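Data file: query-v1.txt. Format and content: compact mmCIF, N, CA and C atoms.
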```txt
# COMPACT_ATOMS: atom_id res chain seq x y z
N MET A 284 -65.02 -12.66 32.27
CA MET A 284 -64.00 -12.44 33.26
C MET A 284 -62.73 -11.95 32.53
N THR A 285 -62.19 -10.84 32.99
CA THR A 285 -60.96 -10.31 32.38
C THR A 285 -59.76 -11.15 32.82
N ALA A 286 -58.65 -10.94 32.15
CA ALA A 286 -57.43 -11.68 32.50
C ALA A 286 -56.99 -11.37 33.93
N ARG A 287 -57.13 -10.11 34.34
CA ARG A 287 -56.76 -9.72 35.70
C ARG A 287 -57.67 -10.39 36.73
N GLU A 288 -58.98 -10.42 36.46
CA GLU A 288 -59.93 -11.07 37.38
C GLU A 288 -59.65 -12.58 37.46
N ARG A 289 -59.30 -13.17 36.33
CA ARG A 289 -59.00 -14.60 36.32
C ARG A 289 -57.75 -14.89 37.16
N LEU A 290 -56.72 -14.06 37.00
CA LEU A 290 -55.50 -14.25 37.77
C LEU A 290 -55.77 -14.04 39.26
N GLN A 291 -56.61 -13.07 39.60
CA GLN A 291 -56.99 -12.85 41.00
C GLN A 291 -57.68 -14.10 41.55
N LYS A 292 -58.58 -14.69 40.76
CA LYS A 292 -59.29 -15.90 41.17
C LYS A 292 -58.31 -17.06 41.39
N VAL A 293 -57.34 -17.19 40.49
CA VAL A 293 -56.36 -18.26 40.60
C VAL A 293 -55.52 -18.09 41.86
N TYR A 294 -55.10 -16.86 42.16
CA TYR A 294 -54.35 -16.60 43.39
C TYR A 294 -55.19 -16.93 44.62
N GLU A 295 -56.47 -16.58 44.59
CA GLU A 295 -57.35 -16.90 45.72
C GLU A 295 -57.47 -18.40 45.91
N LEU A 296 -57.61 -19.15 44.82
CA LEU A 296 -57.70 -20.60 44.93
C LEU A 296 -56.40 -21.20 45.45
N ALA A 297 -55.29 -20.64 45.03
CA ALA A 297 -54.00 -21.20 45.41
C ALA A 297 -53.61 -20.88 46.85
N PHE A 298 -54.04 -19.71 47.36
CA PHE A 298 -53.49 -19.26 48.64
C PHE A 298 -54.52 -18.83 49.68
N ASP A 299 -55.81 -18.98 49.42
CA ASP A 299 -56.84 -18.60 50.38
C ASP A 299 -57.75 -19.81 50.63
N PRO A 300 -57.54 -20.53 51.74
CA PRO A 300 -58.30 -21.76 51.98
C PRO A 300 -59.83 -21.59 51.90
N PRO A 301 -60.44 -20.57 52.49
CA PRO A 301 -61.90 -20.46 52.38
C PRO A 301 -62.38 -20.34 50.93
N SER A 302 -61.63 -19.62 50.10
CA SER A 302 -61.99 -19.50 48.69
C SER A 302 -61.89 -20.85 47.98
N LEU A 303 -60.84 -21.60 48.28
CA LEU A 303 -60.65 -22.91 47.66
C LEU A 303 -61.76 -23.86 48.06
N PHE A 304 -62.13 -23.89 49.35
CA PHE A 304 -63.16 -24.81 49.81
C PHE A 304 -64.53 -24.45 49.22
N ALA A 305 -64.85 -23.16 49.14
CA ALA A 305 -66.12 -22.73 48.55
C ALA A 305 -66.16 -23.08 47.06
N PHE A 306 -65.05 -22.87 46.38
CA PHE A 306 -64.95 -23.21 44.95
C PHE A 306 -65.17 -24.70 44.74
N TRP A 307 -64.58 -25.52 45.60
CA TRP A 307 -64.72 -26.97 45.45
C TRP A 307 -66.15 -27.41 45.70
N ARG A 308 -66.81 -26.83 46.69
CA ARG A 308 -68.23 -27.17 46.94
C ARG A 308 -69.07 -26.86 45.71
N GLU A 309 -68.86 -25.71 45.10
CA GLU A 309 -69.61 -25.34 43.90
C GLU A 309 -69.29 -26.27 42.73
N THR A 310 -68.02 -26.63 42.60
CA THR A 310 -67.59 -27.48 41.48
C THR A 310 -68.17 -28.88 41.59
N ARG A 311 -68.20 -29.44 42.79
CA ARG A 311 -68.77 -30.79 42.97
C ARG A 311 -70.22 -30.85 42.54
N GLN A 312 -70.96 -29.79 42.75
CA GLN A 312 -72.39 -29.78 42.44
C GLN A 312 -72.68 -29.34 41.01
N ALA A 313 -71.66 -28.91 40.28
CA ALA A 313 -71.88 -28.37 38.93
C ALA A 313 -71.98 -29.49 37.90
N ASP A 314 -72.50 -29.13 36.73
CA ASP A 314 -72.55 -30.07 35.62
C ASP A 314 -71.22 -30.00 34.85
N ASP A 315 -71.15 -30.55 33.65
CA ASP A 315 -69.89 -30.68 32.92
C ASP A 315 -69.24 -29.36 32.52
N ASP A 316 -70.00 -28.38 32.06
CA ASP A 316 -69.41 -27.14 31.56
C ASP A 316 -68.58 -26.41 32.62
N PRO A 317 -69.12 -26.12 33.79
CA PRO A 317 -68.29 -25.45 34.80
C PRO A 317 -67.12 -26.30 35.28
N ARG A 318 -67.25 -27.60 35.20
CA ARG A 318 -66.15 -28.47 35.64
C ARG A 318 -64.93 -28.33 34.74
N ARG A 319 -65.15 -28.10 33.43
CA ARG A 319 -64.02 -27.89 32.53
C ARG A 319 -63.26 -26.63 32.92
N GLU A 320 -63.99 -25.59 33.23
CA GLU A 320 -63.36 -24.33 33.67
C GLU A 320 -62.67 -24.55 35.02
N ALA A 321 -63.27 -25.32 35.90
CA ALA A 321 -62.67 -25.60 37.20
C ALA A 321 -61.35 -26.33 37.04
N CYS A 322 -61.27 -27.24 36.09
CA CYS A 322 -60.01 -27.96 35.85
C CYS A 322 -58.91 -26.99 35.46
N LYS A 323 -59.22 -26.05 34.59
CA LYS A 323 -58.22 -25.06 34.16
C LYS A 323 -57.79 -24.19 35.33
N LEU A 324 -58.73 -23.76 36.14
CA LEU A 324 -58.40 -22.90 37.28
C LEU A 324 -57.55 -23.64 38.31
N LEU A 325 -57.88 -24.90 38.57
CA LEU A 325 -57.08 -25.69 39.51
C LEU A 325 -55.67 -25.96 38.98
N ASP A 326 -55.55 -26.18 37.66
CA ASP A 326 -54.22 -26.34 37.07
C ASP A 326 -53.38 -25.09 37.29
N GLU A 327 -53.97 -23.93 37.04
CA GLU A 327 -53.24 -22.68 37.20
C GLU A 327 -52.93 -22.41 38.67
N ALA A 328 -53.84 -22.78 39.57
CA ALA A 328 -53.59 -22.59 41.00
C ALA A 328 -52.42 -23.46 41.45
N LEU A 329 -52.35 -24.68 40.95
CA LEU A 329 -51.24 -25.55 41.30
C LEU A 329 -49.93 -25.04 40.71
N LEU A 330 -50.00 -24.44 39.53
CA LEU A 330 -48.79 -23.86 38.93
C LEU A 330 -48.16 -22.80 39.84
N LEU A 331 -48.99 -22.06 40.56
CA LEU A 331 -48.47 -21.02 41.45
C LEU A 331 -47.66 -21.58 42.62
N HIS A 332 -47.77 -22.88 42.87
CA HIS A 332 -47.01 -23.51 43.94
C HIS A 332 -45.71 -24.14 43.45
N GLN A 333 -45.41 -24.00 42.17
CA GLN A 333 -44.19 -24.57 41.62
C GLN A 333 -43.00 -23.65 41.92
N ALA A 334 -41.81 -24.02 41.47
CA ALA A 334 -40.60 -23.23 41.69
C ALA A 334 -40.74 -21.86 41.04
N LEU A 335 -40.12 -20.87 41.66
CA LEU A 335 -40.19 -19.50 41.14
C LEU A 335 -39.35 -19.38 39.87
N PRO A 336 -39.79 -18.53 38.93
CA PRO A 336 -39.04 -18.37 37.68
C PRO A 336 -37.73 -17.63 37.91
N ALA A 337 -36.74 -17.90 37.07
CA ALA A 337 -35.44 -17.25 37.18
C ALA A 337 -35.45 -15.87 36.53
N SER A 338 -36.32 -15.66 35.55
CA SER A 338 -36.38 -14.36 34.88
C SER A 338 -37.74 -14.18 34.23
N GLY A 339 -38.00 -12.96 33.79
CA GLY A 339 -39.23 -12.66 33.07
C GLY A 339 -40.41 -12.28 33.93
N TYR A 340 -40.24 -12.22 35.24
CA TYR A 340 -41.35 -11.89 36.13
C TYR A 340 -41.57 -10.38 36.17
N ALA A 341 -42.72 -9.97 36.68
CA ALA A 341 -43.14 -8.56 36.65
C ALA A 341 -42.26 -7.65 37.50
N SER A 342 -42.05 -8.00 38.75
CA SER A 342 -41.25 -7.15 39.64
C SER A 342 -40.70 -7.98 40.79
N GLN A 343 -39.69 -7.43 41.45
CA GLN A 343 -39.12 -8.11 42.61
C GLN A 343 -40.15 -8.21 43.73
N ARG A 344 -40.95 -7.17 43.89
CA ARG A 344 -41.99 -7.18 44.93
C ARG A 344 -43.00 -8.30 44.69
N ALA A 345 -43.39 -8.48 43.43
CA ALA A 345 -44.34 -9.54 43.09
C ALA A 345 -43.74 -10.92 43.35
N LEU A 346 -42.46 -11.08 43.02
CA LEU A 346 -41.78 -12.35 43.24
C LEU A 346 -41.67 -12.65 44.73
N THR A 347 -41.36 -11.63 45.52
CA THR A 347 -41.26 -11.79 46.97
C THR A 347 -42.60 -12.15 47.58
N ARG A 348 -43.67 -11.47 47.13
CA ARG A 348 -45.01 -11.76 47.65
C ARG A 348 -45.41 -13.19 47.32
N LEU A 349 -45.15 -13.64 46.10
CA LEU A 349 -45.49 -15.01 45.71
C LEU A 349 -44.71 -16.01 46.56
N ALA A 350 -43.43 -15.74 46.82
CA ALA A 350 -42.63 -16.64 47.66
C ALA A 350 -43.20 -16.72 49.07
N LEU A 351 -43.63 -15.59 49.62
CA LEU A 351 -44.25 -15.60 50.95
C LEU A 351 -45.55 -16.38 50.95
N TYR A 352 -46.37 -16.19 49.94
CA TYR A 352 -47.61 -16.95 49.84
C TYR A 352 -47.33 -18.45 49.77
N GLN A 353 -46.33 -18.82 48.97
CA GLN A 353 -45.99 -20.24 48.85
C GLN A 353 -45.56 -20.81 50.20
N ALA A 354 -44.73 -20.08 50.90
CA ALA A 354 -44.23 -20.57 52.19
C ALA A 354 -45.35 -20.70 53.22
N ARG A 355 -46.22 -19.72 53.29
CA ARG A 355 -47.31 -19.76 54.27
C ARG A 355 -48.35 -20.81 53.92
N ALA A 356 -48.55 -21.07 52.63
CA ALA A 356 -49.55 -22.05 52.20
C ALA A 356 -49.15 -23.47 52.60
N ARG A 357 -47.86 -23.72 52.77
CA ARG A 357 -47.40 -25.05 53.15
C ARG A 357 -47.95 -25.46 54.51
N ALA A 358 -48.09 -24.51 55.42
CA ALA A 358 -48.60 -24.82 56.76
C ALA A 358 -50.06 -25.24 56.73
N PHE A 359 -50.78 -24.88 55.68
CA PHE A 359 -52.20 -25.19 55.58
C PHE A 359 -52.47 -26.39 54.67
N GLY A 360 -51.43 -26.96 54.09
CA GLY A 360 -51.58 -28.13 53.22
C GLY A 360 -52.33 -27.85 51.94
N LEU A 361 -52.21 -26.63 51.42
CA LEU A 361 -52.98 -26.28 50.23
C LEU A 361 -52.52 -27.00 48.97
N VAL A 362 -51.23 -27.29 48.86
CA VAL A 362 -50.73 -27.99 47.68
C VAL A 362 -51.36 -29.38 47.58
N GLY A 363 -51.33 -30.10 48.69
CA GLY A 363 -51.93 -31.44 48.70
C GLY A 363 -53.43 -31.41 48.46
N ARG A 364 -54.09 -30.39 48.99
CA ARG A 364 -55.54 -30.25 48.81
C ARG A 364 -55.87 -30.02 47.33
N ILE A 365 -55.13 -29.11 46.68
CA ILE A 365 -55.37 -28.83 45.26
C ILE A 365 -55.07 -30.08 44.43
N GLU A 366 -53.98 -30.76 44.74
CA GLU A 366 -53.66 -31.99 44.00
C GLU A 366 -54.75 -33.04 44.20
N GLY A 367 -55.30 -33.15 45.40
CA GLY A 367 -56.39 -34.08 45.66
C GLY A 367 -57.64 -33.75 44.86
N TYR A 368 -57.98 -32.48 44.79
CA TYR A 368 -59.14 -32.05 44.00
C TYR A 368 -58.92 -32.35 42.52
N ARG A 369 -57.71 -32.09 42.03
CA ARG A 369 -57.40 -32.38 40.63
C ARG A 369 -57.52 -33.87 40.36
N GLN A 370 -57.06 -34.68 41.31
CA GLN A 370 -57.13 -36.13 41.16
C GLN A 370 -58.59 -36.59 41.12
N GLN A 371 -59.44 -36.00 41.95
CA GLN A 371 -60.86 -36.36 41.95
C GLN A 371 -61.53 -35.99 40.63
N LEU A 372 -61.02 -34.97 39.95
CA LEU A 372 -61.55 -34.59 38.64
C LEU A 372 -60.94 -35.41 37.51
N GLY A 373 -59.98 -36.28 37.86
CA GLY A 373 -59.38 -37.16 36.86
C GLY A 373 -58.28 -36.51 36.03
N LEU A 374 -57.64 -35.49 36.57
CA LEU A 374 -56.58 -34.80 35.84
C LEU A 374 -55.23 -35.45 36.08
N ALA A 375 -54.39 -35.43 35.06
CA ALA A 375 -53.04 -35.98 35.17
C ALA A 375 -52.15 -35.00 35.93
N PRO A 376 -51.06 -35.48 36.52
CA PRO A 376 -50.13 -34.58 37.21
C PRO A 376 -49.57 -33.52 36.25
N LEU A 377 -49.26 -32.36 36.79
CA LEU A 377 -48.71 -31.28 35.96
C LEU A 377 -47.31 -31.63 35.47
N ALA A 378 -47.03 -31.23 34.24
CA ALA A 378 -45.69 -31.44 33.68
C ALA A 378 -44.78 -30.27 34.02
N ALA A 379 -45.35 -29.08 34.20
CA ALA A 379 -44.55 -27.88 34.47
C ALA A 379 -44.03 -27.90 35.90
N HIS A 380 -42.81 -27.43 36.08
CA HIS A 380 -42.20 -27.40 37.40
C HIS A 380 -41.78 -25.99 37.82
N VAL A 381 -42.14 -24.99 37.00
CA VAL A 381 -41.79 -23.60 37.28
C VAL A 381 -43.04 -22.74 37.04
N VAL A 382 -43.24 -21.75 37.91
CA VAL A 382 -44.34 -20.81 37.73
C VAL A 382 -44.09 -20.03 36.44
N PRO A 383 -45.08 -19.96 35.53
CA PRO A 383 -44.89 -19.13 34.34
C PRO A 383 -44.65 -17.67 34.75
N PRO A 384 -43.64 -17.01 34.18
CA PRO A 384 -43.34 -15.64 34.59
C PRO A 384 -44.52 -14.68 34.48
N GLY A 385 -45.41 -14.91 33.54
CA GLY A 385 -46.57 -14.05 33.37
C GLY A 385 -47.56 -14.14 34.51
N MET A 386 -47.47 -15.17 35.32
CA MET A 386 -48.38 -15.33 36.45
C MET A 386 -47.86 -14.68 37.73
N VAL A 387 -46.62 -14.21 37.70
CA VAL A 387 -46.04 -13.56 38.88
C VAL A 387 -46.47 -12.09 38.85
N ARG A 388 -47.50 -11.79 39.60
CA ARG A 388 -48.04 -10.43 39.67
C ARG A 388 -48.21 -10.06 41.13
N ASP A 389 -48.21 -8.78 41.40
CA ASP A 389 -48.34 -8.28 42.77
C ASP A 389 -49.82 -8.20 43.14
N ILE A 390 -50.39 -9.33 43.49
CA ILE A 390 -51.82 -9.42 43.82
C ILE A 390 -51.95 -9.59 45.33
N ALA A 391 -52.71 -8.72 45.93
CA ALA A 391 -52.90 -8.77 47.38
C ALA A 391 -54.05 -9.71 47.74
N LEU A 392 -53.82 -10.50 48.78
CA LEU A 392 -54.84 -11.41 49.30
C LEU A 392 -54.96 -11.18 50.80
N PRO A 393 -56.03 -11.68 51.41
CA PRO A 393 -56.11 -11.57 52.87
C PRO A 393 -54.94 -12.31 53.52
N PRO A 394 -54.52 -11.89 54.71
CA PRO A 394 -53.40 -12.59 55.37
C PRO A 394 -53.72 -14.06 55.57
N LEU A 395 -52.75 -14.89 55.28
CA LEU A 395 -52.90 -16.34 55.44
C LEU A 395 -52.36 -16.70 56.82
N ALA A 396 -53.24 -16.76 57.78
CA ALA A 396 -52.83 -17.07 59.16
C ALA A 396 -54.02 -17.65 59.91
N ARG A 397 -53.71 -18.40 60.91
CA ARG A 397 -54.78 -18.94 61.75
C ARG A 397 -55.27 -17.85 62.68
N LYS A 398 -56.55 -17.91 63.02
CA LYS A 398 -57.11 -16.91 63.92
C LYS A 398 -56.52 -17.10 65.32
N ARG A 399 -56.18 -16.01 65.94
CA ARG A 399 -55.66 -16.07 67.30
C ARG A 399 -56.80 -16.07 68.29
N ARG A 400 -56.61 -16.78 69.37
CA ARG A 400 -57.67 -16.86 70.38
C ARG A 400 -57.50 -15.78 71.41
```
Starting from the file, lay out its structure as structure tokens.
Amino acid sequence: MTARERLQKVYELAFDPPSLFAFWRETRQADDDPRREACKLLDEALLLHQALPASGYASQRALTRLALYQARARAFGLVGRIEGYRQQLGLAPLAAHVVPPGMVRDIALPPLARKRR
């Protein structure tokens, strides 16, 4: 997996509920090796929900998109869900409180919204 593909996967886990739920189903059934990778991916996904960096990010557009994703994800309870999954894997709370500037990229995801009837 390239660095770009990994970052795309992390964004999907952080901001796309169906991707997160499918990932968790696969992780629960996996043996030890994939679980170690799952821990790293969940850590990075939770990092994307931290405070936005003050400098060093890729572009204003990327920063704006990340802020919108963070705001919309709150309505779906994704932060609590990721923290719960991390807790089930026995991981300690994150020490970082700011998104690493290198993770702020302009990555497009499907719209985060409930289906209209």
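Using all atoms listed in the file, the shortest contact distance between Ser342 of chain A and any of A:Asp389, A:Tyr294, A:Phe304, A:Met284 is found at A:Asp389.
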Mind working out the centre and edge lengths of an axis-aligned box for segment 323-342 of chain A, all listed atoms inside, 6 Å added to each side, rounded to one decimal in Å and written as AutoDock Vina command-line options?
```
--center_x -47.3 --center_y -16.7 --center_z 38.5 --size_x 35.8 --size_y 31.2 --size_z 22.9
```
(Q) For the helix (DSSP H, G or I) assignment from backbone DSSP, which residues of segment 285-335 of chain A qualify? Please present them as a count of residues only. (A) 42
Q.
Between A:Leu325, A:Val387, A:Ala379, A:Leu372, which residue has the minimum interatomic distance to Ala350 of chain A, considering only C-alpha atoms?
A. A:Val387
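Counting all atoms listed in the file and comparing A:Leu361, A:Ala297, A:Ala328, A:Ile390, the residue that lies closest to Ala345 of chain A is A:Ile390.
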Q: Please indicate the distance in Å from atom CA of Cys322 of chain A to atom CA of Arg348 of chain A, rounded to one decimal place.
A: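 Atom-to-atom, atom CA of Cys322 of chain A and atom CA of Arg348 of chain A are spaced 25.0 Å apart.
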Residues near Arg388 of chain A, anyone? I mean within 9 Å using only C-alpha atoms, not counting same-chain ones fewer than 3 positions away, as a CSV table (one decimal) with N, CA and C atoms, in the coordinates of the input.
```csv
chain,number,residue,atom,x,y,z
A,290,LEU,N,-56.7,-14.1,37.0
A,290,LEU,CA,-55.5,-14.2,37.8
A,290,LEU,C,-55.8,-14.0,39.3
A,340,TYR,N,-40.2,-12.2,35.2
A,340,TYR,CA,-41.4,-11.9,36.1
A,340,TYR,C,-41.6,-10.4,36.2
A,341,ALA,N,-42.7,-10.0,36.7
A,341,ALA,CA,-43.1,-8.6,36.6
A,341,ALA,C,-42.3,-7.6,37.5
A,342,SER,N,-42.0,-8.0,38.8
A,342,SER,CA,-41.2,-7.2,39.6
A,342,SER,C,-40.7,-8.0,40.8
A,344,ARG,N,-41.0,-7.2,43.9
A,344,ARG,CA,-42.0,-7.2,44.9
A,344,ARG,C,-43.0,-8.3,44.7
A,345,ALA,N,-43.4,-8.5,43.4
A,345,ALA,CA,-44.3,-9.5,43.1
A,345,ALA,C,-43.7,-10.9,43.4
A,346,LEU,N,-42.5,-11.1,43.0
A,346,LEU,CA,-41.8,-12.4,43.2
A,346,LEU,C,-41.7,-12.6,44.7
A,348,ARG,N,-43.7,-11.5,47.1
A,348,ARG,CA,-45.0,-11.8,47.6
A,348,ARG,C,-45.4,-13.2,47.3
A,349,LEU,N,-45.2,-13.6,46.1
A,349,LEU,CA,-45.5,-15.0,45.7
A,349,LEU,C,-44.7,-16.0,46.6
A,384,PRO,N,-43.6,-17.0,34.2
A,384,PRO,CA,-43.3,-15.6,34.6
A,384,PRO,C,-44.5,-14.7,34.5
A,385,GLY,N,-45.4,-14.9,33.5
A,385,GLY,CA,-46.6,-14.0,33.4
A,385,GLY,C,-47.6,-14.1,34.5
```
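Minimum distance to Asp299 of chain A across A:Val362, A:Leu335, A:Met386, A:Val381 (counting only C-alpha atoms) occurs at A:Val362.
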Q. Taking into account all atoms listed in the file, which residue in the set A:Gln370, A:Leu296, A:Pro383, A:Ala375 is nearest to Gly339 of chain A?
A.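 Under the stated criterion, the closest residue is A:Pro383.
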Q.
Given all atoms listed in the file as the basis, pick out the residue of A:His380, A:Arg287, A:Arg308, A:His332 nearest to Gln353 of chain A.
A.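 Of all the options, A:His332 lies closest to Gln353 of chain A.
Atom N of Tyr368 of chain A is positioned 14.9 Å from atom C of Phe298 of chain A.
The gap separating atom N of Glu295 of chain A from atom N of Gln343 of chain A is 19.4 Å, in Å to one decimal.
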**Q.** Spatial neighbours of Pro376 of chain A, 10 Å, only C-alpha atoms, chain gap at least 6 places, as a VMD selection string
**A.** chain A and resid 326 329 366 369 to 370
Would you mind exporting segment 300-388 of chain A with C-alpha atoms, as a CSV table (one decimal), in the first residue's frame?
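See part.csv below for the written result:
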```csv
chain,number,residue,atom,x,y,z
A,300,PRO,CA,-19.2,5.2,8.6
A,301,PRO,CA,-19.8,2.2,6.2
A,302,SER,CA,-16.0,1.9,5.7
A,303,LEU,CA,-15.3,2.1,9.4
A,304,PHE,CA,-18.0,-0.6,10.2
A,305,ALA,CA,-16.7,-3.0,7.5
A,306,PHE,CA,-13.1,-2.5,8.7
A,307,TRP,CA,-14.1,-3.3,12.2
A,308,ARG,CA,-16.0,-6.5,11.2
A,309,GLU,CA,-12.8,-7.6,9.4
A,310,THR,CA,-10.6,-6.7,12.3
A,311,ARG,CA,-12.6,-8.6,14.9
A,312,GLN,CA,-12.3,-11.8,12.9
A,313,ALA,CA,-8.6,-11.3,12.1
A,314,ASP,CA,-5.6,-12.9,13.8
A,315,ASP,CA,-2.8,-10.9,15.5
A,316,ASP,CA,-0.9,-9.6,12.4
A,317,PRO,CA,-3.8,-7.6,10.8
A,318,ARG,CA,-4.8,-6.4,14.3
A,319,ARG,CA,-1.5,-4.6,14.7
A,320,GLU,CA,-2.0,-2.8,11.4
A,321,ALA,CA,-5.6,-2.0,12.4
A,322,CYS,CA,-4.4,-0.4,15.6
A,323,LYS,CA,-2.1,1.9,13.6
A,324,LEU,CA,-4.9,2.8,11.2
A,325,LEU,CA,-7.4,3.5,14.0
A,326,ASP,CA,-4.8,5.7,15.7
A,327,GLU,CA,-4.3,7.7,12.6
A,328,ALA,CA,-8.1,7.9,12.0
A,329,LEU,CA,-8.6,9.3,15.4
A,330,LEU,CA,-5.7,11.8,14.8
A,331,LEU,CA,-7.8,13.3,12.0
A,332,HIS,CA,-10.5,14.3,14.5
A,333,GLN,CA,-8.1,16.4,16.6
A,334,ALA,CA,-7.6,20.2,16.5
A,335,LEU,CA,-6.5,21.6,13.1
A,336,PRO,CA,-2.8,22.5,12.8
A,337,ALA,CA,-1.8,26.2,12.9
A,338,SER,CA,0.8,25.8,10.1
A,339,GLY,CA,2.5,23.4,7.8
A,340,TYR,CA,-0.6,22.0,6.1
A,341,ALA,CA,-0.8,21.3,2.3
A,342,SER,CA,-3.4,23.9,1.3
A,343,GLN,CA,-6.2,26.1,2.5
A,344,ARG,CA,-8.6,23.9,0.5
A,345,ALA,CA,-7.4,20.8,2.2
A,346,LEU,CA,-7.7,22.4,5.6
A,347,THR,CA,-11.2,23.6,4.9
A,348,ARG,CA,-12.3,20.1,3.6
A,349,LEU,CA,-10.9,18.5,6.8
A,350,ALA,CA,-12.7,20.9,9.0
A,351,LEU,CA,-16.0,20.2,7.1
A,352,TYR,CA,-15.4,16.4,7.5
A,353,GLN,CA,-14.7,16.9,11.2
A,354,ALA,CA,-17.9,18.9,11.7
A,355,ARG,CA,-20.1,16.5,9.8
A,356,ALA,CA,-18.6,13.4,11.5
A,357,ARG,CA,-19.8,14.7,14.9
A,358,ALA,CA,-23.4,14.1,13.9
A,359,PHE,CA,-22.7,10.5,13.3
A,360,GLY,CA,-20.7,9.9,16.5
A,361,LEU,CA,-17.6,8.7,14.7
A,362,VAL,CA,-15.1,10.0,17.2
A,363,GLY,CA,-16.7,8.0,20.0
A,364,ARG,CA,-17.0,4.9,17.8
A,365,ILE,CA,-13.3,5.0,16.9
A,366,GLU,CA,-12.4,5.5,20.5
A,367,GLY,CA,-14.5,2.6,21.5
A,368,TYR,CA,-12.9,0.3,18.9
A,369,ARG,CA,-9.5,1.4,20.1
A,370,GLN,CA,-10.5,0.7,23.7
A,371,GLN,CA,-11.6,-2.8,22.7
A,372,LEU,CA,-8.2,-3.4,21.1
A,373,GLY,CA,-6.6,-2.3,24.4
A,374,LEU,CA,-5.0,0.9,23.1
A,375,ALA,CA,-4.2,3.8,25.4
A,376,PRO,CA,-5.7,7.2,24.8
A,377,LEU,CA,-3.9,9.4,22.2
A,378,ALA,CA,-1.3,11.9,23.5
A,379,ALA,CA,-1.5,14.1,20.4
A,380,HIS,CA,-4.1,16.9,20.4
A,381,VAL,CA,-3.4,18.3,16.9
A,382,VAL,CA,-3.7,16.8,13.4
A,383,PRO,CA,-0.2,16.3,12.1
A,384,PRO,CA,0.2,18.8,9.2
A,385,GLY,CA,1.3,16.1,6.8
A,386,MET,CA,-2.1,14.4,7.2
A,387,VAL,CA,-4.0,17.4,5.9
A,388,ARG,CA,-4.5,16.6,2.3
```
